[in-house]
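Asker: There's a structure below that I have some questions on.
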Amino acid sequence: MSFLRELGLILAVCLLGEGIAMVLPIPFPGSVVAMGLLFLLLIVPCPVREHHVSRLGNFLLQNMAFFFIPAGVGILEYAQLMKEQGLALVAICFFTMILTFGATALTIRGVTRLLSRKKSAKEAAAHVE
Amino acid sequence: MWNEWISSPLFGIVLSILAFEIGLWLNRRLGSPVANPLLIAVILVILVLQLFRIPLESFQKGGEVISMMLVPATAALALLVYRQLPVLRENFLPVVLGCLAGSVTSMVSVAVCCRLLGLDEVMTASLLPKSVTTPIAMEVSASHGGLVPITVVAVILTGIMGAICAPLLIRLFHVKDPVEAGVSIGACSHAVGTTRALEMGELEGAMSGVSIGISGLMTVLLSLLY
């Protein structure tokens, strides 16, 4: 598929996502709706296949960080606020990052163990019968 | 004439690309997660603007064009989840519940820390979604009255700290399973952390990528409750 058509397809999905987000009764990001729509398109049997969006998709994924530069530069407007609260911001980011890692890791381990215990109990029960 | 020239949207776009390329080059050269290309690019652009006394509005004419591409960039995350569908299917429940626990922990701990340190509501709303990928964090922050640039800085900082600390955290929490390691890295430090997870292994990297999408979605849903 031509690059232009790929761009058209992805932008159309995004536009549709933003439209859906506008009519939703709750404040939900249009970009996340678009992500869900694209995922749906890929998993249901329809003419849109992975290779139809992979060239632009890979470009966007590989250069993801680039698109945040203007948003980051916007911090200039808040220089005073950063001077006053920048240290607190760094401390909060660090501390909560460790907690988030721990909570995720321990939950995955717990659930995996629980599931495998259930599975082996089932197998043992089948064995007895 | 100078003012007219820098007010062209092309100025902001070219400056951003140039700054990012320098950031990528330095990152390859130094090979350290501290030398984050995005962080370097943002600092370089700010330096150029300050040095030549260029108003932020002139730069943002081009900046708005770049920011517009954040919507398709977020949508492209679907591709990442789609490509790891088999591994995700096999570990569906642990991964989803893990991301949910991570998102809840992140938001609750940020809210508590902000209260303890006496930060106001605007600052709290700006920091609340800081563990997830930037486009989603920006949207959540904006819809709750946060300051988007503060959110972006917090997200980048968290990502860099996660990428640096990932091996230490794996030892601290005795993580043995690559799926567990990958998802945890992605849940606490999104795409920047994922770059580090990719260095550890393909499975770690893939699961970290999947958890960017799932944790992002969880955070959006949780923020509706806030």
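Residue numbers start at 1 in each chain; chains themselves are named A, B, ... in the order of the structure tokens; ligands are numbered from 1 in the order shown.
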List as a ChimeraX atom specification the protein and nucleic acid residues near B:Ala181, meaning an atom at most 10 Å away when only C-alpha atoms are counted, but skip any in the same chain fewer than 3 places from it.
Answerer: /A:101,104-105,108 /B:166-167,169-170,173-178,184-186,197,200,203-205,207-208
Asker: Within 9 Å of B:Ser223, counting only C-alpha atoms, which residues qualify if same-chain residues fewer than 4 places away don't, as a list in words?
Answerer: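 Final neighbour list, sorted by chain and number: Met107, Leu128, Pro129, Val140, His144, Met218 and Thr219 of chain B.
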Asker: Could those selected residues go to a file with N, CA and C atoms, as a PDB file, in the first residue's frame?
Answerer:
```pdb
ATOM      1  N   MET B 107      -1.083   5.814  41.130  1.00  0.00           N
ATOM      2  CA  MET B 107      -1.943   6.982  41.323  1.00  0.00           C
ATOM      3  C   MET B 107      -2.178   7.283  42.801  1.00  0.00           C
ATOM      4  N   LEU B 128      -0.400  12.903  38.701  1.00  0.00           N
ATOM      5  CA  LEU B 128      -1.168  11.666  38.881  1.00  0.00           C
ATOM      6  C   LEU B 128      -0.902  10.612  37.801  1.00  0.00           C
ATOM      7  N   PRO B 129      -0.924  10.961  36.501  1.00  0.00           N
ATOM      8  CA  PRO B 129      -0.751   9.913  35.488  1.00  0.00           C
ATOM      9  C   PRO B 129       0.700   9.723  35.048  1.00  0.00           C
ATOM     10  N   VAL B 140      -4.928  12.605  30.264  1.00  0.00           N
ATOM     11  CA  VAL B 140      -5.499  12.435  31.603  1.00  0.00           C
ATOM     12  C   VAL B 140      -5.244  13.697  32.421  1.00  0.00           C
ATOM     13  N   HIS B 144      -8.103  16.634  33.860  1.00  0.00           N
ATOM     14  CA  HIS B 144      -8.311  16.805  35.299  1.00  0.00           C
ATOM     15  C   HIS B 144      -7.756  18.128  35.795  1.00  0.00           C
ATOM     16  N   MET B 218      -5.733   1.312  31.796  1.00  0.00           N
ATOM     17  CA  MET B 218      -6.154   1.215  33.204  1.00  0.00           C
ATOM     18  C   MET B 218      -6.161   2.595  33.847  1.00  0.00           C
ATOM     19  N   THR B 219      -5.095   3.373  33.564  1.00  0.00           N
ATOM     20  CA  THR B 219      -4.973   4.696  34.172  1.00  0.00           C
ATOM     21  C   THR B 219      -6.094   5.627  33.710  1.00  0.00           C
TER      22      THR B 219
END
```
Asker: Can you pull out the residues contacting A:Gln85? Cut-off 10 Å, using only C-alpha atoms, and skip same-chain residues under 4 positions away; I want them as a ChimeraX atom specification.
Answerer: /A:80-81,89-90 /B:117,119,123
Asker: Only N, CA, C and O atoms, please: the residues just picked out, written as an mmCIF file, in the first residue's frame.
Answerer:
```cif
data_model
loop_
_atom_site.group_PDB
_atom_site.id
_atom_site.type_symbol
_atom_site.label_atom_id
_atom_site.label_comp_id
_atom_site.auth_asym_id
_atom_site.auth_seq_id
_atom_site.Cartn_x
_atom_site.Cartn_y
_atom_site.Cartn_z
ATOM 1 N N GLN A 80 9.140 29.213 37.031
ATOM 2 C CA GLN A 80 9.030 29.621 38.431
ATOM 3 C C GLN A 80 8.499 28.482 39.301
ATOM 4 O O GLN A 80 9.048 28.176 40.354
ATOM 5 N N LEU A 81 7.448 27.836 38.790
ATOM 6 C CA LEU A 81 6.825 26.716 39.509
ATOM 7 C C LEU A 81 7.843 25.585 39.705
ATOM 8 O O LEU A 81 7.920 24.973 40.776
ATOM 9 N N LEU A 89 8.900 17.259 43.005
ATOM 10 C CA LEU A 89 8.480 16.498 41.819
ATOM 11 C C LEU A 89 9.416 15.309 41.579
ATOM 12 O O LEU A 89 8.973 14.182 41.386
ATOM 13 N N VAL A 90 10.728 15.562 41.635
ATOM 14 C CA VAL A 90 11.705 14.499 41.416
ATOM 15 C C VAL A 90 11.566 13.417 42.485
ATOM 16 O O VAL A 90 11.559 12.216 42.186
ATOM 17 N N LEU B 117 3.525 16.388 50.914
ATOM 18 C CA LEU B 117 4.481 17.459 50.631
ATOM 19 C C LEU B 117 3.786 18.801 50.430
ATOM 20 O O LEU B 117 4.432 19.803 50.108
ATOM 21 N N LEU B 119 1.620 19.821 48.071
ATOM 22 C CA LEU B 119 1.445 20.346 46.713
ATOM 23 C C LEU B 119 -0.044 20.579 46.448
ATOM 24 O O LEU B 119 -0.887 19.869 46.979
ATOM 25 N N MET B 123 -0.962 20.718 40.738
ATOM 26 C CA MET B 123 0.269 19.934 40.695
ATOM 27 C C MET B 123 -0.066 18.440 40.828
ATOM 28 O O MET B 123 0.509 17.610 40.125
#
```
Asker: Pick out the closest residue to A:Ala91 from this set: B:Ser131, B:Thr124, B:Gln84, B:Thr158. Count only C-alpha atoms.
Answerer: B:Thr158
Asker: Taking only C-alpha atoms into account, which residues of chain B are within 6 Å of chain A, as a PyMOL selection string?
Answerer: chain B and resi 38+42+63+66-67+71+73-76+78+94+98+101-102+105-106+109+139+149+152+158+180+184+188
Asker: Please compute the atom CA of B:Gly62-atom CA of B:Phe11 distance, one decimal, in Å.
Answerer: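 These two atoms are separated by 6.5 Å.
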Asker: Do you know which residues are at most 12 Å from B:Pro86 counting only C-alpha atoms, after dropping those on the same chain fewer than 3 positions away, and could you put them as a ChimeraX atom specification?
Answerer: /B:81-83,89-92,203,206-207,210
Asker: Would you put the residues from that selection into a file with N, CA, C and O atoms, as a CSV table (one decimal), in the first residue's frame?
Answerer:
```
chain,number,residue,atom,x,y,z
B,81,VAL,N,0.7,-4.2,20.9
B,81,VAL,CA,-0.1,-5.2,21.6
B,81,VAL,C,-0.4,-6.3,20.7
B,81,VAL,O,-0.3,-7.5,21.0
B,82,TYR,N,-0.8,-6.0,19.5
B,82,TYR,CA,-1.3,-7.0,18.5
B,82,TYR,C,-0.1,-8.0,18.2
B,82,TYR,O,-0.4,-9.2,18.1
B,83,ARG,N,1.1,-7.5,18.1
B,83,ARG,CA,2.2,-8.3,17.7
B,83,ARG,C,2.6,-9.3,18.8
B,83,ARG,O,3.3,-10.3,18.6
B,89,ARG,N,-2.0,-13.7,25.4
B,89,ARG,CA,-3.1,-14.7,25.7
B,89,ARG,C,-2.8,-15.7,26.8
B,89,ARG,O,-3.6,-16.0,27.6
B,90,GLU,N,-1.5,-16.1,26.7
B,90,GLU,CA,-1.0,-17.1,27.6
B,90,GLU,C,-1.0,-16.6,29.1
B,90,GLU,O,-1.2,-17.3,30.0
B,91,ASN,N,-0.6,-15.3,29.2
B,91,ASN,CA,-0.5,-14.7,30.5
B,91,ASN,C,-1.5,-13.7,30.8
B,91,ASN,O,-1.2,-12.7,31.6
B,92,PHE,N,-2.7,-13.8,30.2
B,92,PHE,CA,-3.6,-12.7,30.2
B,92,PHE,C,-4.0,-12.2,31.6
B,92,PHE,O,-3.8,-11.0,31.9
B,203,LEU,N,11.6,-11.1,25.1
B,203,LEU,CA,10.4,-11.4,25.8
B,203,LEU,C,10.1,-10.2,26.8
B,203,LEU,O,9.0,-9.7,26.9
B,206,ALA,N,9.0,-7.2,24.8
B,206,ALA,CA,7.7,-7.3,24.3
B,206,ALA,C,6.7,-7.1,25.4
B,206,ALA,O,5.7,-6.4,25.2
B,207,MET,N,6.9,-7.7,26.5
B,207,MET,CA,5.9,-7.6,27.6
B,207,MET,C,5.9,-6.2,28.2
B,207,MET,O,4.8,-5.7,28.6
B,210,VAL,N,3.7,-4.3,25.8
B,210,VAL,CA,2.3,-4.6,26.0
B,210,VAL,C,1.7,-3.9,27.2
B,210,VAL,O,0.7,-3.3,27.2
```
